[in-house]
Every structure is written in C-alpha cells, then in structure tokens.
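Enquirer: Shown below is the structure under consideration.
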Amino acid sequence: MDSPVICPIPYPQIYREMQARLDDAGIDTVWFGVAAELNEHFGTLLVEIGSPEHLNELGIELLTKNTEKFNEIISGEIEMSGTALDNFLVVREQIYVQDYYIRNPPTLPAKIAIFAGFLGSDYIQPPIIRKGVEYVGAKYGDFNYFDTLHRIELGQAMMSQRRHGVE
C-alpha cells in the first residue's frame, strides 16, 4: 500500500496557525483556514507531479503579503470581519496573483500543475475546490484560472462554502 504524500512546504501549518490566532481573538474570518487547505492540496500535488519553481516563488510571495495582512487584522488596523473580510482578502490576493503573473508569466509545467490542481484530470480535488470551480463554470460557461474575475469568484465561493458548512 502506498504511503500518503505529505505536503513538503510549511505554508499549510503557518496558515492554520494564523487562522487559530484569529479564531482565538474572536475575529470572524475563514480565509486563512481555506488558504491552509489550498496550500496543502497544491503542496501535495506538486510532490506528485513535480514542483515547478514558478509556483514555489508565487507561494513565498503570497505568504509574505498574507502575513502582512494577518498582522494588520490581528492588530486591529483592518477592522472588517465576516464575509466582508473574507471577500476583501480574496480580491486582494487575486490582484497580487495577477501582478505576479504579469511579472513572471507561468511556464508550461506551472500551467499544467495549476490546471491539474483546479480542474482535476487524474488528481482528485478537495470538494471545496471542485464545487467552487463548478459554480464559476456554470456562471461563466467555463472556468479559466487565468481570468482574475474567475479566480475571485472561485475564492468567494470557497469562503461561502466554508462559512455555510458545505464541503
């Protein structure tokens, strides 16, 4: 029997710790918990199909920016909460992602990894991703990861699923 693949990057644990601190502080957001789940999914996927350096660099850049936002939230500098905070964090991160792709166009291996992670193929997606992709695909006729609006809608759909216990 094959042993389970373990995510080699610490991002999921870092995001889980951020979510736990926000929960303990009574700050209503689910964004960091969903980020942990997505990072675990993609970290495990990248072990299985190879790890394009492009995605590692994006992950590092996003973790840095997300840590800054976490500090602003936990300190009270950002006073939003609930769905408004989750949606703010989704939009903000997808703007960063788009900026990253403009500066660093994804390589073919990175595109393959992204599509495998979001659209499946031989790799099983977590339900929160699959249902979010289905929602965006139904709304727009397809899901295009490289369309910023599609990624924003996907992120907001995943936040809604987590908030409403749909998984």
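Note on naming: chains are A, B, ... as they come in the structure tokens, residues start from 1 per chain, ligands start from 1 in the order shown.
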Asn71 in chain A: which residues within 10 Å, counting only C-alpha atoms, same-chain residues fewer than 6 positions away excluded, as an NGL selection string?
Expert: :A and (18 or 77-78)
Enquirer: If we count only C-alpha atoms and set the cut-off at 12 Å, which residues sit around Ile74 in chain A, ignoring sequence neighbours fewer than 3 positions away in its own chain? Please answer as a ChimeraX atom specification.
Expert: /A:18-29,67-71,77-81
Enquirer: Figure out the distance between CA of Val133 in chain A and CA of Arg163 in chain A, please, to one decimal in Å.
Expert: 17.1 Å
Enquirer: Smallest atom-to-atom distance to Gly137 in chain A: which of A:Leu119, A:Ala35, A:Ala113, A:Leu62, using only C-alpha atoms?
Expert: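 Looking only at the distances to Gly137 in chain A, the closest residue turns out to be A:Leu119.
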Enquirer: For Ser160 in chain A, find every residue with an atom within 10 Å (counting only C-alpha atoms), except residues of its own chain fewer than 2 positions away, and show them as a PyMOL selection string.
Expert: chain A and resi 30+83+86-87+128+132+154-158+162-166
Enquirer: So what do you get for CA of Tyr140 in chain A versus CA of Ile49 in chain A, distance-wise?
Expert: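 CA of Ile49 in chain A lies at a distance of 28.9 Å from CA of Tyr140 in chain A.
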Enquirer: Counting only C-alpha atoms, give me one row per residue of range 42-65 of chain A with an atom at most 12 Å from an atom of range 101-105 of chain A, showing the shortest contact pair and its distance in Å to one decimal, sorted by chain then residue number, as JSON lines.
Expert:
{"residue": "A:Glu53", "atom": "CA", "partner": "A:Asn104", "partner_atom": "CA", "distance": 11.3}
{"residue": "A:His54", "atom": "CA", "partner": "A:Asn104", "partner_atom": "CA", "distance": 7.9}
{"residue": "A:Leu55", "atom": "CA", "partner": "A:Asn104", "partner_atom": "CA", "distance": 10.3}
{"residue": "A:Glu57", "atom": "CA", "partner": "A:Asn104", "partner_atom": "CA", "distance": 9.7}
{"residue": "A:Leu58", "atom": "CA", "partner": "A:Tyr101", "partner_atom": "CA", "distance": 8.8}
{"residue": "A:Glu61", "atom": "CA", "partner": "A:Tyr101", "partner_atom": "CA", "distance": 11.8}
Enquirer: With C-alpha atoms retained, export the selected residues as a short mmCIF file (atom, residue, chain, number, x, y, z; two decimals), in the first residue's frame.
Expert:
data_model
loop_
_atom_site.label_atom_id
_atom_site.label_comp_id
_atom_site.auth_asym_id
_atom_site.auth_seq_id
_atom_site.Cartn_x
_atom_site.Cartn_y
_atom_site.Cartn_z
CA GLU A 53 9.81 26.63 -9.26
CA HIS A 54 7.35 29.24 -10.54
CA LEU A 55 4.65 28.05 -8.13
CA GLU A 57 8.05 31.54 -5.85
CA LEU A 58 4.40 32.58 -6.05
CA GLU A 61 5.45 35.93 -2.30
#
Enquirer: Can you measure CA of Ser75 in chain A to CA of Glu153 in chain A for me? One decimal in Å is fine.
Expert: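 So the two atoms, CA of Ser75 in chain A and CA of Glu153 in chain A, lie 28.0 Å apart.
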Enquirer: Closest to Ala116 in chain A among A:Thr44, A:Tyr15, A:Gln98, A:Pro10, using only C-alpha atoms?
Expert: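 Closest residue, counting only C-alpha atoms: A:Thr44.
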Enquirer: Excluding same-chain residues fewer than 6 positions from Glu93 in chain A, what lies within 9 Å of it counting only C-alpha atoms, as a VMD selection string?
Expert: chain A and resid 62 65 to 66 152
Enquirer: Would you mind telling me which residue in A:Pro12, A:Leu45, A:Lys111, A:Phe32 lies nearest to Ile124 in chain A when using only C-alpha atoms?
Expert: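 Among the listed residues, the smallest separation from Ile124 in chain A belongs to A:Leu45.
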Enquirer: Any chance you could list, as a PyMOL selection string, the residues in chain A that come up alpha helix (DSSP H) when DSSP is run on the backbone?
Expert: chain A and resi 11-24+31-49+53-74+82-103+108-119+127-140+148-163
Enquirer: May I have the selected residues written with C-alpha atoms, as a compact mmCIF listing (two decimals), in the first residue's frame?
Expert:
# COMPACT_ATOMS: atom_id res chain seq x y z
CA TYR A 11 2.61 27.04 4.35
CA PRO A 12 -0.44 24.99 5.39
CA GLN A 13 0.70 24.92 9.01
CA ILE A 14 1.53 28.63 9.00
CA TYR A 15 -1.92 29.50 7.62
CA ARG A 16 -3.59 27.15 10.15
CA GLU A 17 -1.74 28.88 12.98
CA MET A 18 -2.85 32.28 11.68
CA GLN A 19 -6.47 31.07 11.49
CA ALA A 20 -6.26 29.70 15.05
CA ARG A 21 -4.91 33.01 16.37
CA LEU A 22 -7.70 34.92 14.62
CA ASP A 23 -10.28 32.48 15.98
CA ASP A 24 -8.86 32.86 19.50
CA TRP A 31 -9.89 32.92 4.74
CA PHE A 32 -6.69 31.72 6.41
CA GLY A 33 -8.17 28.26 7.06
CA VAL A 34 -9.14 27.90 3.42
CA ALA A 35 -5.66 29.13 2.44
CA ALA A 36 -4.19 26.33 4.58
CA GLU A 37 -6.34 23.75 2.80
CA LEU A 38 -5.42 25.06 -0.66
CA ASN A 39 -1.72 25.17 0.15
CA GLU A 40 -1.87 21.60 1.43
CA HIS A 41 -3.68 20.49 -1.73
CA PHE A 42 -1.18 22.17 -4.04
CA GLY A 43 1.84 21.17 -1.97
CA THR A 44 0.81 17.52 -2.13
CA LEU A 45 0.01 17.82 -5.84
CA LEU A 46 3.40 19.34 -6.58
CA VAL A 47 5.13 16.42 -4.87
CA GLU A 48 3.20 14.03 -7.10
CA ILE A 49 3.69 15.82 -10.44
CA GLU A 53 9.81 26.63 -9.26
CA HIS A 54 7.35 29.24 -10.54
CA LEU A 55 4.65 28.05 -8.13
CA ASN A 56 7.06 27.91 -5.21
CA GLU A 57 8.05 31.54 -5.85
CA LEU A 58 4.40 32.58 -6.05
CA GLY A 59 3.67 30.77 -2.78
CA ILE A 60 6.53 32.53 -1.00
CA GLU A 61 5.45 35.93 -2.30
CA LEU A 62 1.83 35.35 -1.29
CA LEU A 63 2.80 34.10 2.17
CA THR A 64 4.79 37.29 2.73
CA LYS A 65 1.88 39.50 1.66
CA ASN A 66 -0.67 37.43 3.57
CA THR A 67 1.45 37.59 6.73
CA GLU A 68 1.44 41.39 6.43
CA LYS A 69 -2.37 41.39 6.14
CA PHE A 70 -2.67 38.93 9.03
CA ASN A 71 -0.65 41.33 11.21
CA GLU A 72 -2.88 44.24 10.18
CA ILE A 73 -6.00 42.22 11.01
CA ILE A 74 -4.80 40.84 14.36
CA GLY A 82 -17.02 38.15 8.44
CA THR A 83 -17.82 37.80 4.76
CA ALA A 84 -16.63 41.36 4.06
CA LEU A 85 -13.16 40.50 5.39
CA ASP A 86 -13.04 37.17 3.54
CA ASN A 87 -14.05 38.83 0.26
CA PHE A 88 -11.52 41.64 0.80
CA LEU A 89 -8.76 39.07 1.32
CA VAL A 90 -9.79 37.09 -1.77
CA VAL A 91 -9.80 40.16 -4.03
CA ARG A 92 -6.53 41.45 -2.59
CA GLU A 93 -4.74 38.15 -3.07
CA GLN A 94 -6.00 37.69 -6.63
CA ILE A 95 -4.72 41.15 -7.53
CA TYR A 96 -1.32 40.05 -6.18
CA VAL A 97 -1.55 36.81 -8.17
CA GLN A 98 -2.36 38.71 -11.36
CA ASP A 99 0.54 41.12 -10.74
CA TYR A 100 2.85 38.13 -10.19
CA TYR A 101 1.77 36.52 -13.48
CA ILE A 102 2.37 39.78 -15.35
CA ARG A 103 5.90 39.95 -13.94
CA LEU A 108 4.09 25.24 -19.23
CA PRO A 109 4.86 22.97 -16.22
CA ALA A 110 3.33 25.61 -13.92
CA LYS A 111 0.22 25.84 -16.11
CA ILE A 112 -0.12 22.05 -16.07
CA ALA A 113 0.18 21.99 -12.27
CA ILE A 114 -2.38 24.78 -11.89
CA PHE A 115 -4.88 23.14 -14.22
CA ALA A 116 -4.39 19.75 -12.54
CA GLY A 117 -4.98 21.35 -9.15
CA PHE A 118 -8.10 23.27 -10.10
CA LEU A 119 -9.61 21.19 -12.89
CA PRO A 127 -14.74 19.23 -2.63
CA ILE A 128 -14.36 22.92 -1.74
CA ILE A 129 -12.32 23.46 -4.94
CA ARG A 130 -14.44 21.19 -7.14
CA LYS A 131 -17.71 22.84 -6.09
CA GLY A 132 -16.23 26.32 -6.44
CA VAL A 133 -14.95 25.55 -9.95
CA GLU A 134 -18.36 24.09 -10.86
CA TYR A 135 -20.07 27.26 -9.60
CA VAL A 136 -17.78 29.57 -11.63
CA GLY A 137 -18.03 27.31 -14.69
CA ALA A 138 -21.83 27.36 -14.53
CA LYS A 139 -21.87 31.14 -14.14
CA TYR A 140 -19.43 31.92 -16.99
CA THR A 148 -8.77 37.23 -12.46
CA LEU A 149 -12.55 37.56 -12.15
CA HIS A 150 -12.92 33.76 -12.29
CA ARG A 151 -10.32 33.36 -9.51
CA ILE A 152 -12.08 35.99 -7.38
CA GLU A 153 -15.45 34.27 -7.87
CA LEU A 154 -13.83 30.92 -7.06
CA GLY A 155 -12.29 32.27 -3.87
CA GLN A 156 -15.53 33.87 -2.76
CA ALA A 157 -17.43 30.65 -3.49
CA MET A 158 -14.94 28.68 -1.38
CA MET A 159 -15.30 31.17 1.50
CA SER A 160 -19.08 30.85 1.30
CA GLN A 161 -18.86 27.06 1.32
CA ARG A 162 -16.65 27.10 4.40
CA ARG A 163 -18.90 29.59 6.20
